[in-house]
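All remarks here apply to the structure that follows.
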Amino acid sequence: MTTHFDDLETRTPAAREAAQIAALAAQVAIVRETDGSCLPDVEINTLSDLQKLPVLRKSELTTWQKDHPPFGGMHTSNITHIFQSPGPIYEPGGSSHDWWRFGRFLHACGIGKNDIVQNCFGYHLTPAGTMFENGARAVGAKVLPAGTGQTELQVRAAADIGTTAYAGTPDYLKVILEKADEMGVTLQITKAAVSGGALFPQLRQYYADRGIACMQCYATADLGHLAYESVLGEGMIVDEGVIIEIVTPGTGDPVPDGEVGEIVVTSLNPDYPLIRFATGDMSAVMAGQSPCGRTNMRIKGWMGRADQTTKIKGMFVRPEQVADLVKKTGADRARVIADRDGDTDKMIVQLEGNVDEAAAATAVQDVLKLKSEVQCLPPGKLPRDGLVIEDRRTYET
């Protein structure tokens, strides 16, 4: 097996950026021809021009799809599958080579033509099972489409056919291994490609102790494969088929590298060109290049959810409102803190930068519709942890 899946993984940053700009311009042109599209007329000359385009959120995608079913009016001539996720949201799928780009991740896991992959992701309505099967075919591996459940049958099949690799959620492989121990069956699984849940260090170590190298990737039903591990402890490398931005939650404004923010993704797949799609997940850019030789940007993996919407004194406070407050007050940053004063909710608004406190109090009332204690802080005092709404309340029973 070669070191890398293809030459795209080791491009120079300049070559990658030039290709991404051209692909992005093509995607924008496709979306502008879509029924119901409201993309502004922005010329794409640099990647920073992405910031001139609006962020697309799941709620908007749902409405778009209802108005123009099933995929928001996009011309999806190469689509062979239709999937459904809660919402409902409908996702297209294709059957062409590595359509979801999971081959890149499976290759990084060391999975190839000599492997049999026991695919324990679901094949029912949601796309994960088909995503990983498409990726396994891209690296030449054979697939047992096992799905979830029926663990005793899973063990028997793995033993009978000589399964060498597992694909599924991080925890289900442990269930299979424990059932095999109970049945007195020895399995040949030495590789695991996982996603869709938390891979805790102790669980990864459990697999390592059993001779199984377990690697994880980050993916979504809407966008497919987004980032993947190649070296443990070295973050996740961004997939070559997407552009990832890390932005302040509730906005489309990128944060400085290293700071935590919301993951916003632009897909370069012309069959389903989602542009600046907000995942609702948090992460941060990881400095430097992976020691494996792949040159694309790295992120630190999943670091929480960006939807920090909180109810204070019976009113919802949303990240989008905090972003509006920053603009209205001229602050550099803002954080809304929900706390308790006895049995009563209390709200504190912290504004970083050169801000007039009296004017800020009025702006808080106008934007958040709540009275609040306002604290004006000098530059650099707010934590760079991605939180714009912090809930400190505790409820004792």
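Chain identifiers are assigned as A, B, and so on, following the order in which chains appear in the structure tokens; residues are numbered from 1 within each chain, and ligands are numbered from 1 in order of appearance.
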For the strand (DSSP E) assignment from backbone DSSP, which residues of range 22-258 of chain A qualify? Please present them as a PyMOL selection string.
chain A and resi 81-85+89-93+116-119+142-144+165-168+191-194+213-220+224-228+236-238+242-247
List every residue of range 264-323 of chain A that has an atom at most 12 Å from any atom of range 217-224 of chain A, giving for each one its closest atom pair and the distance in Å to one decimal, counting only C-alpha atoms, sorted by chain and then by ascending residue number, as CSV.
residue,atom,partner,partner_atom,distance
A:Val264,CA,A:Leu223,CA,10.8
A:Val265,CA,A:Leu223,CA,8.0
A:Thr266,CA,A:Leu223,CA,8.5
A:Ser267,CA,A:Leu223,CA,6.6
A:Leu268,CA,A:Leu223,CA,9.7
A:Asn269,CA,A:Leu223,CA,9.0
A:Pro270,CA,A:Leu223,CA,11.8
A:Asp271,CA,A:Leu223,CA,11.2
A:Tyr272,CA,A:Leu223,CA,8.5
A:Pro273,CA,A:Leu223,CA,9.1
A:Leu274,CA,A:Leu223,CA,7.6
A:Ile275,CA,A:Leu223,CA,10.2
A:Arg276,CA,A:Leu223,CA,10.9
A:Phe277,CA,A:Leu223,CA,8.6
A:Ala278,CA,A:Leu223,CA,10.5
A:Thr279,CA,A:Thr220,CA,7.9
A:Gly280,CA,A:Thr220,CA,10.7
A:Asp281,CA,A:Thr220,CA,10.3
A:Met282,CA,A:Tyr218,CA,11.6
A:Ser283,CA,A:Tyr218,CA,11.0
A:Arg298,CA,A:Tyr218,CA,11.8
A:Ile299,CA,A:Tyr218,CA,10.1
A:Lys300,CA,A:Tyr218,CA,10.6
A:Gly301,CA,A:Tyr218,CA,7.4
A:Trp302,CA,A:Tyr218,CA,7.8
A:Met303,CA,A:Tyr218,CA,11.6
Any idea what's packed within 7 Å of Leu199 in chain A, counting only C-alpha atoms, ignoring anything in its chain fewer than 3 positions away? Could you give it as a list in words?
Pro170, Leu203 and Arg204 of chain A
Let me see the file: selected residues, N, CA and C atoms, as a CSV table (one decimal), in the first residue's frame.
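After the write, out.csv holds the following:
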chain,number,residue,atom,x,y,z
A,170,PRO,N,-17.6,4.0,17.7
A,170,PRO,CA,-16.5,3.6,18.5
A,170,PRO,C,-16.8,2.5,19.5
A,203,LEU,N,-11.0,3.8,25.7
A,203,LEU,CA,-11.6,2.8,24.7
A,203,LEU,C,-10.6,2.5,23.6
A,204,ARG,N,-9.9,3.6,23.2
A,204,ARG,CA,-8.9,3.4,22.1
A,204,ARG,C,-7.7,2.5,22.7
List the neighbours of Trp64 in chain A out to 12 Å using only C-alpha atoms; skip same-chain residues closer than 6 positions along the sequence, and give me the result as a tab-separated table (two decimals) with C-alpha atoms, in the first residue's frame.
chain	number	residue	atom	x	y	z
A	34	THR	CA	-30.65	26.53	-8.39
A	35	ASP	CA	-34.33	27.24	-7.92
A	36	GLY	CA	-34.80	29.50	-4.92
A	37	SER	CA	-31.12	30.39	-4.58
A	38	CYS	CA	-30.44	33.76	-2.98
A	56	LEU	CA	-26.42	28.13	5.46
A	57	ARG	CA	-27.93	26.51	8.56
A	58	LYS	CA	-29.88	23.26	8.87
A	70	PRO	CA	-36.22	16.93	-2.26
A	71	PHE	CA	-32.84	18.71	-2.36
A	72	GLY	CA	-33.71	22.41	-2.40
A	73	GLY	CA	-33.96	22.59	-6.17
A	74	MET	CA	-30.38	21.49	-6.84
A	88	PRO	CA	-36.67	15.58	8.17
A	89	ILE	CA	-33.69	16.49	6.00
A	90	TYR	CA	-33.02	14.62	2.78
Between CA of Ala334 in chain A and CA of Met315 in chain A, what is the distance in Å, rounded to a tenth?
18.4 Å
If you run DSSP on this backbone, which residues of range 71-106 of chain A come out as helix (DSSP H, G or I), and could you give them as a list of chain:residue names?
A:Phe102, A:Gly103, A:Arg104, A:Phe105, A:Leu106
Which polymer residues have any atom within 12 Å of an atom of Asp7 in chain A, counting only C-alpha atoms, with same-chain residues fewer than 4 positions away left out, as a list of chain:residue names?
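My reading of the contact set: A:Thr2, A:Thr3, A:Arg11, A:Thr12, A:Ala15, A:Arg16, A:Arg104, A:Glu240, A:Gly293, A:Arg294, A:Thr295, A:Asn296.
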Can you write out the residues you just picked, keeping all heavy atoms, as a short mmCIF file (atom, residue, chain, number, x, y, z; two decimals), in the first residue's frame?
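Listing of part-v3.cif after writing:
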data_model
loop_
_atom_site.label_atom_id
_atom_site.label_comp_id
_atom_site.auth_asym_id
_atom_site.auth_seq_id
_atom_site.Cartn_x
_atom_site.Cartn_y
_atom_site.Cartn_z
N THR A 2 0.56 2.21 -0.90
CA THR A 2 1.32 3.45 -0.93
C THR A 2 1.02 4.30 0.29
O THR A 2 0.00 4.12 0.96
CB THR A 2 0.99 4.24 -2.21
OG1 THR A 2 -0.42 4.49 -2.25
CG2 THR A 2 1.39 3.45 -3.45
N THR A 3 1.90 5.25 0.55
CA THR A 3 1.75 6.07 1.75
C THR A 3 0.49 6.91 1.72
O THR A 3 -0.19 7.06 2.73
CB THR A 3 2.99 6.98 1.90
OG1 THR A 3 4.16 6.18 1.90
CG2 THR A 3 2.90 7.77 3.20
N ARG A 11 -0.10 18.15 -1.95
CA ARG A 11 0.06 19.38 -2.74
C ARG A 11 0.68 20.49 -1.91
O ARG A 11 0.55 20.52 -0.68
CB ARG A 11 -1.31 19.86 -3.24
CG ARG A 11 -1.92 19.04 -4.33
CD ARG A 11 -3.25 19.61 -4.78
NE ARG A 11 -4.30 19.42 -3.79
CZ ARG A 11 -5.56 19.80 -3.99
NH1 ARG A 11 -5.92 20.40 -5.12
NH2 ARG A 11 -6.48 19.58 -3.06
N THR A 12 1.30 21.43 -2.59
CA THR A 12 1.74 22.64 -1.90
C THR A 12 0.52 23.45 -1.53
O THR A 12 -0.52 23.37 -2.20
CB THR A 12 2.66 23.48 -2.79
OG1 THR A 12 1.90 23.96 -3.91
CG2 THR A 12 3.86 22.69 -3.26
N ALA A 15 -0.79 25.39 -4.55
CA ALA A 15 -1.50 24.58 -5.54
C ALA A 15 -2.89 24.22 -5.05
O ALA A 15 -3.86 24.24 -5.82
CB ALA A 15 -0.70 23.32 -5.85
N ARG A 16 -2.99 23.88 -3.77
CA ARG A 16 -4.30 23.53 -3.20
C ARG A 16 -5.23 24.74 -3.24
O ARG A 16 -6.40 24.63 -3.63
CB ARG A 16 -4.15 23.02 -1.77
CG ARG A 16 -5.48 22.65 -1.11
CD ARG A 16 -5.29 22.07 0.28
NE ARG A 16 -4.69 20.74 0.21
CZ ARG A 16 -3.45 20.46 0.55
NH1 ARG A 16 -2.65 21.43 1.00
NH2 ARG A 16 -2.97 19.24 0.45
N ARG A 104 -10.30 7.98 1.36
CA ARG A 104 -9.11 8.66 1.89
C ARG A 104 -8.88 8.28 3.36
O ARG A 104 -7.76 8.02 3.78
CB ARG A 104 -9.31 10.18 1.74
CG ARG A 104 -8.05 10.98 1.97
CD ARG A 104 -8.30 12.45 1.68
NE ARG A 104 -8.78 12.69 0.32
CZ ARG A 104 -8.03 12.65 -0.76
NH1 ARG A 104 -6.74 12.37 -0.66
NH2 ARG A 104 -8.55 12.89 -1.96
N GLU A 240 -9.65 16.61 1.20
CA GLU A 240 -9.29 17.41 0.02
C GLU A 240 -10.50 17.91 -0.75
O GLU A 240 -10.38 18.79 -1.60
CB GLU A 240 -8.39 16.59 -0.91
CG GLU A 240 -7.05 16.21 -0.31
CD GLU A 240 -6.15 17.40 -0.01
OE1 GLU A 240 -6.29 18.44 -0.69
OE2 GLU A 240 -5.32 17.29 0.92
N GLY A 293 3.14 13.65 6.38
CA GLY A 293 3.47 14.20 5.08
C GLY A 293 2.30 14.81 4.34
O GLY A 293 2.48 15.49 3.33
N ARG A 294 1.07 14.60 4.83
CA ARG A 294 -0.09 15.24 4.22
C ARG A 294 -0.06 16.73 4.58
O ARG A 294 0.25 17.09 5.72
CB ARG A 294 -1.37 14.57 4.69
CG ARG A 294 -1.50 13.12 4.21
CD ARG A 294 -2.71 12.43 4.83
NE ARG A 294 -2.92 11.09 4.30
CZ ARG A 294 -2.36 9.99 4.79
NH1 ARG A 294 -1.54 10.08 5.84
NH2 ARG A 294 -2.61 8.81 4.26
N THR A 295 -0.40 17.57 3.63
CA THR A 295 -0.13 19.00 3.78
C THR A 295 -1.36 19.86 4.04
O THR A 295 -1.23 21.07 4.23
CB THR A 295 0.55 19.53 2.50
OG1 THR A 295 -0.28 19.25 1.37
CG2 THR A 295 1.92 18.88 2.30
N ASN A 296 -2.53 19.27 4.06
CA ASN A 296 -3.73 20.09 4.25
C ASN A 296 -3.86 20.55 5.70
O ASN A 296 -3.21 20.02 6.61
CB ASN A 296 -4.98 19.32 3.83
CG ASN A 296 -6.12 20.24 3.39
OD1 ASN A 296 -6.04 21.47 3.54
ND2 ASN A 296 -7.16 19.66 2.84
#
Pick out the residues sitting within 10 Å of range 250-253 of chain A, and hand them over as a count of residues only; count only C-alpha atoms, and ignore anything fewer than 2 positions along from it in its own chain.
32
Can you tell me how far CA of Gly140 in chain A sits from CA of His225 in chain A, in Å to one decimal?
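Calculated distance between CA of Gly140 in chain A and CA of His225 in chain A is 18.1 Å.
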Contacts of Pro92 in chain A at 7 Å (only C-alpha atoms; same-chain gap of 2+ positions) as a ChimeraX atom specification
/A:79,81-83,90,94
Pairwise distance for CA of Ala128 in chain A and CA of Leu173 in chain A, rounded to one decimal in Å
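Spanning CA of Ala128 in chain A to CA of Leu173 in chain A is a straight-line distance of 16.0 Å.
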